[in-house]
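Student: This structure is in structure tokens; I'll ask about it shortly.
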Amino acid sequence: MKLYNTLNHKIEDFIPHNKSLVTMYTCGPTVYHYAHIGNLRTYIFEDILEKSLRYIGYDVKRCMNITDVGHMTSDGDTGEDKMLKGAEREHKTVWQIAEFYTNEFKKDTEKLNIKWPDIVSKATDNIDEYIKIITKLLEDGYAYEAAGNIYFDVAKVNNYYQLSGKNPDDLKTGVRDDVELDKAKHNPADFVLWFTVSKFGNQVMKWDSPWGVGYPGWHIECSGISMKYLGEYLDIHCGGVDNIFPHHTNEIAQSESYLGHKWCNYWCHGEHLNDNRGKMSKSSGEFLTVSLLEEKGYNPIVYRYFCLKSHYRKQLVFSYDSLDSATTEYNKLIGRIKNIKTNDSDINNDDYNHYNGLFKEALENDLNTSSALTVLFDVLKSDISDSTKIKLISDFDKVLSLDLIPQEKKIDNDLKEYITNKIKERSEAKKDKNYELADKIRDELKEKGIIIKDGREGTTYEII
């Protein structure tokens, strides 16, 4: 496997610290709002990476955090607290906001066939871990207390800007509009490890600490959660390119200062999804979510296919026209696969190994999903046996996760009884001309993946 390593700014051979297990950490969502499809492009790339590693023979242990406290809107230490912003917007508690949007994020990942990581941990469940790390950083002179808060001193570490390639002068107040002057900091780039003096009067997420009641900064959570569940040596850390600075830069500084050795060998970042206005975000233009795409009639898996046609390190421009084209291509692909005749012909091992080898080569070449899709189409065009084709397509889909071969869904007796009763209830509603109730029952079934069809022989259903 060859991967582009942001830390060294080049493609490198991937060599895990422990040959028997790859440890992988991916930055999770800040659960204050729905994820937009730009966010989800990064999670699709990370999903492909994990599945590719498994496909070529590695065991993978993947961990992801859920940010439910401490993330400021500037991605640094300035601006509003994202969780408080969500709570104020919806007139709910921050705990209710966190639970609701965590569940919504998981639903979106399921619709996109993104595997839920082996370990998912909330920031608020690991406060003791952060306190342990911050205490040692203070003892070793890497952190300091000022104006009631605990800061990390970036001047104490070498190569602080290696990951980002930034220049310290770029961070001076006045050079960038998003930099606010914090007079308590020794250096402009210093960052908060623990807030004891909050700038928010309504901050409700607070915990006891050796420095007083407060809450952790955003950056400390990923270091704490990663080391707690994956150990002191991390193979791969992923995220979007907007995480490179300051978030991942600060993670490296605090983690290696705490551990006393190199922490993570490979840093992999996915590029932005853009629209005609530039980088897609929650605050500009139409707020594009998976649910909105569904409302407009798009299959979420088509969006996954759209992303896989491009390399994860290239900016991708979204438009409905491009999604329409992807829909047409995807439907043709599924149609061609359905037309493959299922028979009892033997699988030709030489043919299988040839095309499977090409597929693995594409994945091993820094996750070249476009080339991997080309191999899939080459299989369809080839004259190899149908059984060999089906076997290859089925195995490729362990990585691509495009629902290439429909799986038969078993219906237990309880589900069958539920569907039957609902169809009867809907039929009675239609007889009574209560079409609003009939539509409601149809929509309720659709939400559960049950499509009902009215025909001459009566109402039938299909599980999708």
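Each chain in the structure tokens gets a letter, A, B and so on, in the order shown; residues start at 1 in every chain, and ligands are counted from 1 in the order they appear.
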For the structure I just gave you, how does DSSP split segment 132-253 of chain A - specifically, which residues are strand (DSSP E)? Reply as a list in words.

Tutor: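 Selecting the strand (DSSP E) positions of segment 132-253 of chain A gives Ala143, Tyr144, Glu145, Ala146, Asn149, Ile150, Tyr151, Phe152, Phe191, Val192, Leu193, Trp194, Phe195, Tyr215, Pro216, Leu234, Asp235, Ile236, His237, Cys238, Gly239 and Gly240 of chain A.
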
Student: Go ahead and save the residues from that selection, with C-alpha atoms, as a PDB file, in the first residue's frame.

Tutor:
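Output file again12.pdb follows:
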```pdb
ATOM      1  CA  ALA A 143       1.850  24.023  29.182  1.00  0.00           C
ATOM      2  CA  TYR A 144       1.156  27.034  31.391  1.00  0.00           C
ATOM      3  CA  GLU A 145      -1.689  28.595  33.303  1.00  0.00           C
ATOM      4  CA  ALA A 146      -2.743  32.131  32.442  1.00  0.00           C
ATOM      5  CA  ASN A 149      -7.034  28.829  31.466  1.00  0.00           C
ATOM      6  CA  ILE A 150      -4.407  26.197  30.615  1.00  0.00           C
ATOM      7  CA  TYR A 151      -2.488  26.819  27.388  1.00  0.00           C
ATOM      8  CA  PHE A 152      -0.047  24.722  25.373  1.00  0.00           C
ATOM      9  CA  PHE A 191      -3.906  26.956  22.190  1.00  0.00           C
ATOM     10  CA  VAL A 192      -6.208  26.157  25.083  1.00  0.00           C
ATOM     11  CA  LEU A 193      -6.035  22.744  26.706  1.00  0.00           C
ATOM     12  CA  TRP A 194      -8.570  23.507  29.425  1.00  0.00           C
ATOM     13  CA  PHE A 195     -11.015  26.391  29.816  1.00  0.00           C
ATOM     14  CA  TYR A 215     -14.162  22.081  30.209  1.00  0.00           C
ATOM     15  CA  PRO A 216     -11.557  20.817  27.712  1.00  0.00           C
ATOM     16  CA  LEU A 234      -0.763   5.300  15.928  1.00  0.00           C
ATOM     17  CA  ASP A 235      -0.407   4.169  12.317  1.00  0.00           C
ATOM     18  CA  ILE A 236      -2.896   6.379  10.444  1.00  0.00           C
ATOM     19  CA  HIS A 237      -4.727   9.564  11.385  1.00  0.00           C
ATOM     20  CA  CYS A 238      -7.354  10.848   8.941  1.00  0.00           C
ATOM     21  CA  GLY A 239      -9.527  13.891   8.448  1.00  0.00           C
ATOM     22  CA  GLY A 240     -10.383  16.639   6.000  1.00  0.00           C
TER      23      GLY A 240
END
```

Student: Got a sec: who's within 9 Å of Thr388 of chain A, counting only C-alpha atoms, leaving out chain neighbours fewer than 3 positions off, as a count of residues only?

Tutor: 12

Student: Name the residues in contact with Cys268 of chain A at a cut-off of 10 Å, using only C-alpha atoms, excluding same-chain residues fewer than 6 positions from it; report them as number ranges by chain.

Tutor: A: 3-7, 26, 45-46, 49, 236-241, 244, 312-313, 366

Student: Convert the current residue selection to file output with N, CA and C atoms, as a PDB file, in the first residue's frame.

Tutor:
```pdb
ATOM      1  N   LEU A   3       0.580   5.447   0.306  1.00  0.00           N
ATOM      2  CA  LEU A   3      -0.337   6.501   0.714  1.00  0.00           C
ATOM      3  C   LEU A   3       0.380   7.844   0.708  1.00  0.00           C
ATOM      4  N   TYR A   4      -0.367   8.885   0.364  1.00  0.00           N
ATOM      5  CA  TYR A   4       0.190  10.227   0.477  1.00  0.00           C
ATOM      6  C   TYR A   4       0.194  10.616   1.946  1.00  0.00           C
ATOM      7  N   ASN A   5       1.385  10.930   2.467  1.00  0.00           N
ATOM      8  CA  ASN A   5       1.552  11.295   3.869  1.00  0.00           C
ATOM      9  C   ASN A   5       1.692  12.806   3.975  1.00  0.00           C
ATOM     10  N   THR A   6       0.673  13.456   4.510  1.00  0.00           N
ATOM     11  CA  THR A   6       0.705  14.917   4.638  1.00  0.00           C
ATOM     12  C   THR A   6       1.884  15.374   5.478  1.00  0.00           C
ATOM     13  N   LEU A   7       2.312  14.548   6.437  1.00  0.00           N
ATOM     14  CA  LEU A   7       3.411  14.933   7.318  1.00  0.00           C
ATOM     15  C   LEU A   7       4.694  15.165   6.540  1.00  0.00           C
ATOM     16  N   THR A  26      -9.880   8.416  13.090  1.00  0.00           N
ATOM     17  CA  THR A  26     -10.513   9.388  12.205  1.00  0.00           C
ATOM     18  C   THR A  26     -11.288  10.406  13.030  1.00  0.00           C
ATOM     19  N   PHE A  45     -14.138   8.645   2.027  1.00  0.00           N
ATOM     20  CA  PHE A  45     -12.726   8.356   1.767  1.00  0.00           C
ATOM     21  C   PHE A  45     -12.125   7.505   2.887  1.00  0.00           C
ATOM     22  N   GLU A  46     -12.432   7.844   4.128  1.00  0.00           N
ATOM     23  CA  GLU A  46     -11.893   7.090   5.259  1.00  0.00           C
ATOM     24  C   GLU A  46     -12.440   5.669   5.283  1.00  0.00           C
ATOM     25  N   LEU A  49     -10.557   3.721   2.712  1.00  0.00           N
ATOM     26  CA  LEU A  49      -9.219   3.399   3.207  1.00  0.00           C
ATOM     27  C   LEU A  49      -9.268   2.195   4.149  1.00  0.00           C
ATOM     28  N   ILE A 236      -2.272   5.455  11.393  1.00  0.00           N
ATOM     29  CA  ILE A 236      -2.896   6.379  10.444  1.00  0.00           C
ATOM     30  C   ILE A 236      -3.871   7.294  11.170  1.00  0.00           C
ATOM     31  N   HIS A 237      -3.753   8.572  10.886  1.00  0.00           N
ATOM     32  CA  HIS A 237      -4.727   9.564  11.385  1.00  0.00           C
ATOM     33  C   HIS A 237      -5.332  10.259  10.178  1.00  0.00           C
ATOM     34  N   CYS A 238      -6.667  10.280  10.096  1.00  0.00           N
ATOM     35  CA  CYS A 238      -7.354  10.848   8.941  1.00  0.00           C
ATOM     36  C   CYS A 238      -8.217  12.049   9.311  1.00  0.00           C
ATOM     37  N   GLY A 239      -8.613  12.761   8.286  1.00  0.00           N
ATOM     38  CA  GLY A 239      -9.527  13.891   8.448  1.00  0.00           C
ATOM     39  C   GLY A 239      -9.591  14.667   7.150  1.00  0.00           C
ATOM     40  N   GLY A 240     -10.334  15.761   7.159  1.00  0.00           N
ATOM     41  CA  GLY A 240     -10.383  16.639   6.000  1.00  0.00           C
ATOM     42  C   GLY A 240      -9.194  17.590   6.000  1.00  0.00           C
ATOM     43  N   VAL A 241      -8.912  18.184   4.848  1.00  0.00           N
ATOM     44  CA  VAL A 241      -7.764  19.089   4.756  1.00  0.00           C
ATOM     45  C   VAL A 241      -7.908  20.285   5.681  1.00  0.00           C
ATOM     46  N   ILE A 244      -6.003  20.038   9.021  1.00  0.00           N
ATOM     47  CA  ILE A 244      -4.541  20.031   9.087  1.00  0.00           C
ATOM     48  C   ILE A 244      -4.029  21.094  10.054  1.00  0.00           C
ATOM     49  N   TYR A 312      -9.520  11.070  -3.798  1.00  0.00           N
ATOM     50  CA  TYR A 312      -9.842  11.730  -2.526  1.00  0.00           C
ATOM     51  C   TYR A 312      -8.987  12.971  -2.268  1.00  0.00           C
ATOM     52  N   ARG A 313      -7.832  13.095  -2.918  1.00  0.00           N
ATOM     53  CA  ARG A 313      -6.962  14.263  -2.691  1.00  0.00           C
ATOM     54  C   ARG A 313      -7.188  15.372  -3.708  1.00  0.00           C
ATOM     55  N   ASP A 366      -2.390   4.641  -3.564  1.00  0.00           N
ATOM     56  CA  ASP A 366      -2.978   5.794  -2.876  1.00  0.00           C
ATOM     57  C   ASP A 366      -4.480   5.882  -3.107  1.00  0.00           C
TER      58      ASP A 366
END
```

Student: If we count only C-alpha atoms and set the cut-off at 12 Å, which residues sit around Asp324 of chain A, ignoring sequence neighbours fewer than 6 positions away in its own chain? Please answer as a ChimeraX atom specification.

Tutor: /A:293,296-299,302-303,305-306,318,330-331

Student: If you count only C-alpha atoms, which residues fall within 9 Å of Glu221 of chain A, apart from same-chain ones fewer than 2 positions away, as a PyMOL selection string?

Tutor: chain A and resi 65+67+70+122-124+126-127+129-130+216-219+223-226+251

Student: Residues near Leu445 of chain A, anyone? I mean within 9 Å using only C-alpha atoms, not counting same-chain ones fewer than 6 positions away, as a short mmCIF file (atom, residue, chain, number, x, y, z; two decimals) with N, CA and C atoms, in the first residue's frame.

Tutor:
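Now in selection_37.cif:
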```cif
data_model
loop_
_atom_site.label_atom_id
_atom_site.label_comp_id
_atom_site.auth_asym_id
_atom_site.auth_seq_id
_atom_site.Cartn_x
_atom_site.Cartn_y
_atom_site.Cartn_z
N ILE A 419 -46.26 -5.76 8.30
CA ILE A 419 -46.51 -5.23 6.96
C ILE A 419 -47.94 -5.54 6.52
N LYS A 422 -50.39 -3.30 8.27
CA LYS A 422 -50.33 -1.93 7.75
C LYS A 422 -51.01 -1.82 6.39
N ILE A 451 -41.38 -0.83 0.35
CA ILE A 451 -42.07 -0.13 -0.73
C ILE A 451 -43.32 -0.93 -1.10
N ILE A 452 -44.47 -0.27 -1.04
CA ILE A 452 -45.71 -0.95 -1.41
C ILE A 452 -46.16 -0.51 -2.80
#
```

Student: What is the distance, in Å and to one decimal place, between atom CA of Cys63 of chain A and atom CA of Leu230 of chain A?

Tutor: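 Between atom CA of Cys63 of chain A and atom CA of Leu230 of chain A the gap is 7.5 Å.
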
Student: Write down as a VMD selection string the residues belonging to segment 218-259 of chain A that are assigned helix (DSSP H, G or I) by DSSP computed on the backbone.

Tutor: chain A and resid 218 to 230 241 to 259

Student: What gap, in Å, lies between atom CA of Ile66 of chain A and atom CA of Glu271 of chain A?

Tutor: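 Distance between the two atoms: 21.0 Å.
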
Student: So, counting only C-alpha atoms, which residue among A:Ile450, A:Leu400, A:Ile252, A:Val379 is closest to Thr420 of chain A?

Tutor: A:Ile450

Student: Using only C-alpha atoms, can you tell me which of A:Val60, A:Ile423, A:Leu288, A:Leu323 comes closest to Asn18 of chain A?

Tutor: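 Looking only at the distances to Asn18 of chain A, the closest residue turns out to be A:Val60.
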